[in-house]
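Colleague: Take a look at model.cif, mmCIF, N, CA and C atoms:
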```
data_upload
#
loop_
_atom_site.label_atom_id
_atom_site.label_comp_id
_atom_site.auth_asym_id
_atom_site.auth_seq_id
_atom_site.Cartn_x
_atom_site.Cartn_y
_atom_site.Cartn_z
N MET A 1 -108.89 97.52 36.25
CA MET A 1 -108.49 98.88 35.93
C MET A 1 -108.20 98.96 34.43
N LEU A 2 -108.69 100.01 33.80
CA LEU A 2 -108.48 100.22 32.38
C LEU A 2 -107.12 100.85 32.14
N SER A 3 -106.44 100.37 31.12
CA SER A 3 -105.17 101.01 30.79
C SER A 3 -105.42 102.16 29.84
N VAL A 4 -104.65 103.21 29.98
CA VAL A 4 -104.76 104.38 29.13
C VAL A 4 -103.54 104.40 28.23
N ASN A 5 -103.78 104.58 26.95
CA ASN A 5 -102.69 104.61 25.98
C ASN A 5 -102.50 106.04 25.47
N ASN A 6 -101.27 106.48 25.36
CA ASN A 6 -100.99 107.75 24.71
C ASN A 6 -100.93 107.49 23.22
N ILE A 7 -101.89 108.02 22.49
CA ILE A 7 -102.02 107.72 21.07
C ILE A 7 -102.39 108.97 20.29
N MET A 8 -102.32 108.86 18.98
CA MET A 8 -102.80 109.87 18.07
C MET A 8 -103.72 109.17 17.07
N PRO A 9 -104.71 109.85 16.52
CA PRO A 9 -105.52 109.23 15.48
C PRO A 9 -104.64 108.85 14.29
N GLU A 10 -105.02 107.78 13.59
CA GLU A 10 -104.25 107.31 12.45
C GLU A 10 -104.45 108.19 11.21
N THR A 11 -105.53 108.94 11.16
CA THR A 11 -105.84 109.79 10.02
C THR A 11 -104.84 110.94 9.95
N GLU A 12 -104.26 111.15 8.78
CA GLU A 12 -103.30 112.24 8.59
C GLU A 12 -104.03 113.59 8.56
N PRO A 13 -103.55 114.57 9.31
CA PRO A 13 -104.17 115.89 9.27
C PRO A 13 -103.70 116.69 8.04
N SER A 14 -104.32 117.82 7.82
CA SER A 14 -103.89 118.77 6.79
C SER A 14 -102.43 119.13 7.03
N GLU A 15 -101.72 119.56 6.00
CA GLU A 15 -100.29 119.86 6.14
C GLU A 15 -100.00 121.00 7.11
N MET A 16 -100.97 121.84 7.41
CA MET A 16 -100.77 122.94 8.37
C MET A 16 -101.06 122.52 9.81
N TRP A 17 -101.35 121.23 10.03
CA TRP A 17 -101.75 120.75 11.34
C TRP A 17 -100.92 119.55 11.76
N ASP A 18 -100.81 119.35 13.07
CA ASP A 18 -100.19 118.17 13.65
C ASP A 18 -101.09 117.65 14.77
N TRP A 19 -101.22 116.32 14.85
CA TRP A 19 -101.89 115.73 16.00
C TRP A 19 -100.96 115.80 17.20
N GLY A 20 -101.50 116.14 18.36
CA GLY A 20 -100.74 116.04 19.60
C GLY A 20 -100.90 114.64 20.15
N ILE A 21 -100.30 114.36 21.27
CA ILE A 21 -100.46 113.06 21.90
C ILE A 21 -101.82 113.03 22.59
N GLY A 22 -102.58 112.00 22.34
CA GLY A 22 -103.90 111.86 22.93
C GLY A 22 -103.95 110.72 23.92
N GLU A 23 -105.11 110.56 24.51
CA GLU A 23 -105.34 109.47 25.45
C GLU A 23 -106.60 108.73 25.02
N LYS A 24 -106.60 107.42 25.24
CA LYS A 24 -107.77 106.63 24.88
C LYS A 24 -107.86 105.42 25.79
N SER A 25 -109.07 105.14 26.26
CA SER A 25 -109.34 103.93 27.03
C SER A 25 -110.68 103.38 26.56
N ASP A 26 -111.23 102.42 27.27
CA ASP A 26 -112.54 101.86 26.92
C ASP A 26 -113.68 102.82 27.24
N SER A 27 -113.42 103.83 28.06
CA SER A 27 -114.51 104.70 28.51
C SER A 27 -114.35 106.16 28.09
N TYR A 28 -113.24 106.51 27.43
CA TYR A 28 -113.08 107.89 26.95
C TYR A 28 -111.91 107.97 25.98
N TYR A 29 -111.89 109.08 25.23
CA TYR A 29 -110.67 109.47 24.50
C TYR A 29 -110.61 110.98 24.46
N ASP A 30 -109.42 111.49 24.19
CA ASP A 30 -109.18 112.93 24.18
C ASP A 30 -108.01 113.19 23.23
N TYR A 31 -108.29 113.84 22.09
CA TYR A 31 -107.25 114.15 21.10
C TYR A 31 -107.20 115.66 20.88
N TRP A 32 -106.00 116.15 20.58
CA TRP A 32 -105.82 117.56 20.22
C TRP A 32 -105.01 117.63 18.93
N ALA A 33 -105.34 118.58 18.08
CA ALA A 33 -104.54 118.87 16.89
C ALA A 33 -104.15 120.34 16.98
N TYR A 34 -102.93 120.63 16.52
CA TYR A 34 -102.36 121.96 16.67
C TYR A 34 -102.03 122.57 15.32
N HIS A 35 -102.47 123.80 15.09
CA HIS A 35 -102.16 124.53 13.87
C HIS A 35 -100.70 124.97 13.92
N LYS A 36 -99.97 124.77 12.84
CA LYS A 36 -98.54 125.06 12.82
C LYS A 36 -98.21 126.54 12.99
N ASP A 37 -99.17 127.42 12.68
CA ASP A 37 -98.96 128.85 12.89
C ASP A 37 -99.61 129.34 14.19
N ASP A 38 -99.99 128.40 15.07
CA ASP A 38 -100.58 128.73 16.38
C ASP A 38 -101.84 129.57 16.28
N GLU A 39 -102.65 129.35 15.23
CA GLU A 39 -103.89 130.11 15.08
C GLU A 39 -105.08 129.42 15.73
N TYR A 40 -105.09 128.08 15.72
CA TYR A 40 -106.22 127.30 16.22
C TYR A 40 -105.74 126.02 16.87
N GLU A 41 -106.65 125.40 17.64
CA GLU A 41 -106.50 124.03 18.09
C GLU A 41 -107.83 123.33 17.85
N VAL A 42 -107.76 122.06 17.48
CA VAL A 42 -108.95 121.23 17.32
C VAL A 42 -108.95 120.23 18.47
N HIS A 43 -110.09 120.13 19.13
CA HIS A 43 -110.25 119.21 20.26
C HIS A 43 -111.31 118.18 19.88
N VAL A 44 -110.97 116.89 20.02
CA VAL A 44 -111.88 115.78 19.74
C VAL A 44 -111.93 114.93 21.00
N TRP A 45 -113.13 114.69 21.54
CA TRP A 45 -113.22 113.93 22.78
C TRP A 45 -114.53 113.18 22.90
N TRP A 46 -114.53 112.20 23.79
CA TRP A 46 -115.70 111.38 24.07
C TRP A 46 -115.57 110.80 25.47
N ASP A 47 -116.68 110.76 26.18
CA ASP A 47 -116.79 110.06 27.45
C ASP A 47 -117.94 109.07 27.32
N LYS A 48 -117.74 107.86 27.80
CA LYS A 48 -118.74 106.79 27.68
C LYS A 48 -120.12 107.28 28.08
N GLY A 49 -121.11 106.98 27.24
CA GLY A 49 -122.48 107.40 27.50
C GLY A 49 -122.85 108.72 26.85
N ASN A 50 -121.87 109.39 26.24
CA ASN A 50 -122.11 110.68 25.60
C ASN A 50 -121.74 110.60 24.12
N ASN A 51 -122.11 111.63 23.38
CA ASN A 51 -121.74 111.72 21.97
C ASN A 51 -120.26 112.06 21.83
N HIS A 52 -119.72 111.82 20.67
CA HIS A 52 -118.34 112.17 20.32
C HIS A 52 -118.36 113.64 19.90
N MET A 53 -117.47 114.45 20.45
CA MET A 53 -117.49 115.90 20.27
C MET A 53 -116.25 116.39 19.52
N VAL A 54 -116.44 117.44 18.73
CA VAL A 54 -115.34 118.10 18.01
C VAL A 54 -115.56 119.59 18.09
N GLU A 55 -114.48 120.34 18.35
CA GLU A 55 -114.57 121.80 18.28
C GLU A 55 -113.25 122.36 17.81
N ILE A 56 -113.35 123.51 17.13
CA ILE A 56 -112.15 124.24 16.74
C ILE A 56 -112.13 125.54 17.53
N ILE A 57 -110.99 125.79 18.16
CA ILE A 57 -110.87 126.90 19.10
C ILE A 57 -109.77 127.85 18.61
N PRO A 58 -110.08 129.14 18.42
CA PRO A 58 -109.02 130.07 18.04
C PRO A 58 -108.11 130.40 19.22
N ILE A 59 -106.84 130.59 18.92
CA ILE A 59 -105.89 131.06 19.93
C ILE A 59 -105.78 132.57 19.77
N GLU A 60 -106.18 133.29 20.79
CA GLU A 60 -106.21 134.75 20.74
C GLU A 60 -104.82 135.36 20.99
N GLU A 61 -104.08 134.76 21.92
CA GLU A 61 -102.76 135.26 22.29
C GLU A 61 -102.09 134.21 23.17
N PHE A 62 -100.89 134.52 23.62
CA PHE A 62 -100.18 133.66 24.56
C PHE A 62 -99.87 134.47 25.81
N ASP A 63 -100.05 133.86 26.96
CA ASP A 63 -99.80 134.58 28.22
C ASP A 63 -98.30 134.61 28.53
N GLU A 64 -97.96 135.16 29.69
CA GLU A 64 -96.55 135.32 30.06
C GLU A 64 -95.81 134.00 30.23
N ASP A 65 -96.55 132.90 30.43
CA ASP A 65 -95.93 131.57 30.53
C ASP A 65 -95.94 130.84 29.19
N ASP A 66 -96.31 131.55 28.13
CA ASP A 66 -96.39 131.02 26.77
C ASP A 66 -97.49 129.97 26.61
N ASP A 67 -98.51 130.04 27.48
CA ASP A 67 -99.69 129.18 27.35
C ASP A 67 -100.73 129.90 26.50
N PRO A 68 -101.46 129.16 25.66
CA PRO A 68 -102.46 129.82 24.80
C PRO A 68 -103.62 130.37 25.60
N VAL A 69 -104.12 131.52 25.15
CA VAL A 69 -105.35 132.11 25.66
C VAL A 69 -106.37 131.91 24.55
N TYR A 70 -107.42 131.14 24.83
CA TYR A 70 -108.38 130.74 23.81
C TYR A 70 -109.54 131.72 23.69
N GLY A 71 -110.05 131.83 22.46
CA GLY A 71 -111.31 132.51 22.21
C GLY A 71 -112.43 131.49 22.31
N TYR A 72 -113.65 131.91 21.94
CA TYR A 72 -114.78 131.00 21.93
C TYR A 72 -114.67 130.06 20.74
N PRO A 73 -115.10 128.80 20.89
CA PRO A 73 -115.04 127.87 19.75
C PRO A 73 -115.75 128.44 18.53
N LYS A 74 -115.14 128.27 17.36
CA LYS A 74 -115.74 128.74 16.11
C LYS A 74 -116.79 127.77 15.61
N GLU A 75 -116.55 126.47 15.79
CA GLU A 75 -117.50 125.45 15.38
C GLU A 75 -117.41 124.30 16.36
N THR A 76 -118.57 123.74 16.69
CA THR A 76 -118.67 122.59 17.58
C THR A 76 -119.72 121.65 17.00
N CYS A 77 -119.44 120.35 17.04
CA CYS A 77 -120.39 119.39 16.50
C CYS A 77 -120.32 118.08 17.28
N GLU A 78 -121.45 117.34 17.31
CA GLU A 78 -121.54 116.06 17.99
C GLU A 78 -121.73 114.95 16.96
N PHE A 79 -121.20 113.76 17.27
CA PHE A 79 -121.28 112.62 16.36
C PHE A 79 -121.59 111.35 17.12
N GLU A 80 -122.08 110.35 16.40
CA GLU A 80 -122.39 109.05 16.97
C GLU A 80 -121.15 108.17 17.12
N THR A 81 -120.13 108.37 16.26
CA THR A 81 -118.97 107.49 16.29
C THR A 81 -117.66 108.28 16.31
N GLU A 82 -116.61 107.62 16.75
CA GLU A 82 -115.28 108.21 16.75
C GLU A 82 -114.81 108.50 15.32
N ASP A 83 -115.07 107.57 14.41
CA ASP A 83 -114.66 107.77 13.01
C ASP A 83 -115.28 109.02 12.41
N GLU A 84 -116.57 109.25 12.68
CA GLU A 84 -117.24 110.46 12.17
C GLU A 84 -116.61 111.71 12.78
N ALA A 85 -116.29 111.66 14.06
CA ALA A 85 -115.69 112.81 14.74
C ALA A 85 -114.31 113.12 14.16
N ILE A 86 -113.50 112.09 13.93
CA ILE A 86 -112.16 112.29 13.36
C ILE A 86 -112.27 112.84 11.94
N GLU A 87 -113.20 112.32 11.15
CA GLU A 87 -113.38 112.81 9.79
C GLU A 87 -113.76 114.29 9.79
N TYR A 88 -114.67 114.68 10.68
CA TYR A 88 -115.07 116.08 10.78
C TYR A 88 -113.90 116.95 11.25
N ALA A 89 -113.12 116.45 12.21
CA ALA A 89 -111.96 117.20 12.68
C ALA A 89 -111.00 117.46 11.52
N CYS A 90 -110.77 116.46 10.70
CA CYS A 90 -109.89 116.64 9.53
C CYS A 90 -110.48 117.63 8.54
N ASP A 91 -111.81 117.62 8.37
CA ASP A 91 -112.47 118.61 7.51
C ASP A 91 -112.25 120.02 8.06
N LEU A 92 -112.35 120.18 9.38
CA LEU A 92 -112.11 121.49 10.00
C LEU A 92 -110.67 121.93 9.78
N MET A 93 -109.74 120.98 9.87
CA MET A 93 -108.32 121.33 9.65
C MET A 93 -108.10 121.81 8.21
N GLU A 94 -108.78 121.21 7.25
CA GLU A 94 -108.68 121.68 5.86
C GLU A 94 -109.28 123.09 5.74
N LYS A 95 -110.44 123.26 6.35
CA LYS A 95 -111.16 124.54 6.26
C LYS A 95 -110.37 125.69 6.91
N TYR A 96 -109.70 125.40 8.02
CA TYR A 96 -108.98 126.43 8.77
C TYR A 96 -107.46 126.29 8.61
N ALA A 97 -107.05 125.81 7.44
CA ALA A 97 -105.61 125.68 7.15
C ALA A 97 -105.05 127.06 7.00
#
```
Output the file's structure in the form of structure tokens.

Modeller:
Amino acid sequence: MLSVNNIMPETEPSEMWDWGIGEKSDSYYDYWAYHKDDEYEVHVWWDKGNNHMVEIIPIEEFDEDDDPVYGYPKETCEFETEDEAIEYACDLMEKYA
């Protein structure tokens, strides 16, 4: 059985962003970054056998339970490696600061 670790990427995000707690194992990872003004979230993920994915999603509003209601992703991209995906995620955080 694979162990799952609650982790965050080591790369520092833009000052307007924070990494949330992510998960990573030998067969997948899933990271989220949160805009400090609740305007966007960045999602970085991978499942074994697939490309590494990154998307930035606008937060349109919050529902009655204070959960975000998302719009359509503004940008989505695929990468060969986790490092490339994290670098692009950080570029998106700079762009959408």

Colleague: From a DSSP pass on the backbone, collect the residues of chain A flagged as alpha helix (DSSP H) and hand them back as a ChimeraX atom specification.

Modeller: /A:82-95

Colleague: Take the PyMOL selection byres (((chain A and resi 34-49 and name CA) around 10) and name CA), run it mentally on this structure, and tell me the resulting residues as a count of residues only.

Modeller: 54

Colleague: Report the distance between atom C of Val69 of chain A and atom C of Glu94 of chain A in Å, rounded to one decimal place.

Modeller: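 Interatomic distance here is 21.0 Å.
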
Colleague: What does the distance between atom N of Ile21 of chain A and atom CA of Glu84 of chain A come to in Å, to one decimal place?

Modeller: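 Computed distance, atom N of Ile21 of chain A to atom CA of Glu84 of chain A, equals 19.6 Å.
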
Colleague: Could segment 61-76 of chain A be completed with N, CA, C and O atoms and returned as a short mmCIF file (atom, residue, chain, number, x, y, z; two decimals), keeping the file's coordinate frame?

Modeller:
```
data_model
loop_
_atom_site.label_atom_id
_atom_site.label_comp_id
_atom_site.auth_asym_id
_atom_site.auth_seq_id
_atom_site.Cartn_x
_atom_site.Cartn_y
_atom_site.Cartn_z
N GLU A 61 -104.08 134.76 21.92
CA GLU A 61 -102.76 135.26 22.29
C GLU A 61 -102.09 134.21 23.17
O GLU A 61 -102.65 133.16 23.44
N PHE A 62 -100.89 134.52 23.62
CA PHE A 62 -100.18 133.66 24.56
C PHE A 62 -99.87 134.47 25.81
O PHE A 62 -99.50 135.65 25.70
N ASP A 63 -100.05 133.86 26.96
CA ASP A 63 -99.80 134.58 28.22
C ASP A 63 -98.30 134.61 28.53
O ASP A 63 -97.47 134.12 27.76
N GLU A 64 -97.96 135.16 29.69
CA GLU A 64 -96.55 135.32 30.06
C GLU A 64 -95.81 134.00 30.23
O GLU A 64 -94.59 133.95 30.16
N ASP A 65 -96.55 132.90 30.43
CA ASP A 65 -95.93 131.57 30.53
C ASP A 65 -95.94 130.84 29.19
O ASP A 65 -95.65 129.65 29.13
N ASP A 66 -96.31 131.55 28.13
CA ASP A 66 -96.39 131.02 26.77
C ASP A 66 -97.49 129.97 26.61
O ASP A 66 -97.43 129.12 25.74
N ASP A 67 -98.51 130.04 27.48
CA ASP A 67 -99.69 129.18 27.35
C ASP A 67 -100.73 129.90 26.50
O ASP A 67 -100.89 131.12 26.60
N PRO A 68 -101.46 129.16 25.66
CA PRO A 68 -102.46 129.82 24.80
C PRO A 68 -103.62 130.37 25.60
O PRO A 68 -104.05 129.79 26.60
N VAL A 69 -104.12 131.52 25.15
CA VAL A 69 -105.35 132.11 25.66
C VAL A 69 -106.37 131.91 24.55
O VAL A 69 -106.20 132.42 23.44
N TYR A 70 -107.42 131.14 24.83
CA TYR A 70 -108.38 130.74 23.81
C TYR A 70 -109.54 131.72 23.69
O TYR A 70 -109.98 132.30 24.67
N GLY A 71 -110.05 131.83 22.46
CA GLY A 71 -111.31 132.51 22.21
C GLY A 71 -112.43 131.49 22.31
O GLY A 71 -112.23 130.34 22.71
N TYR A 72 -113.65 131.91 21.94
CA TYR A 72 -114.78 131.00 21.93
C TYR A 72 -114.67 130.06 20.74
O TYR A 72 -114.20 130.46 19.68
N PRO A 73 -115.10 128.80 20.89
CA PRO A 73 -115.04 127.87 19.75
C PRO A 73 -115.75 128.44 18.53
O PRO A 73 -116.82 129.03 18.65
N LYS A 74 -115.14 128.27 17.36
CA LYS A 74 -115.74 128.74 16.11
C LYS A 74 -116.79 127.77 15.61
O LYS A 74 -117.80 128.17 15.05
N GLU A 75 -116.55 126.47 15.79
CA GLU A 75 -117.50 125.45 15.38
C GLU A 75 -117.41 124.30 16.36
O GLU A 75 -116.33 123.93 16.80
N THR A 76 -118.57 123.74 16.69
CA THR A 76 -118.67 122.59 17.58
C THR A 76 -119.72 121.65 17.00
O THR A 76 -120.75 122.11 16.53
#
```
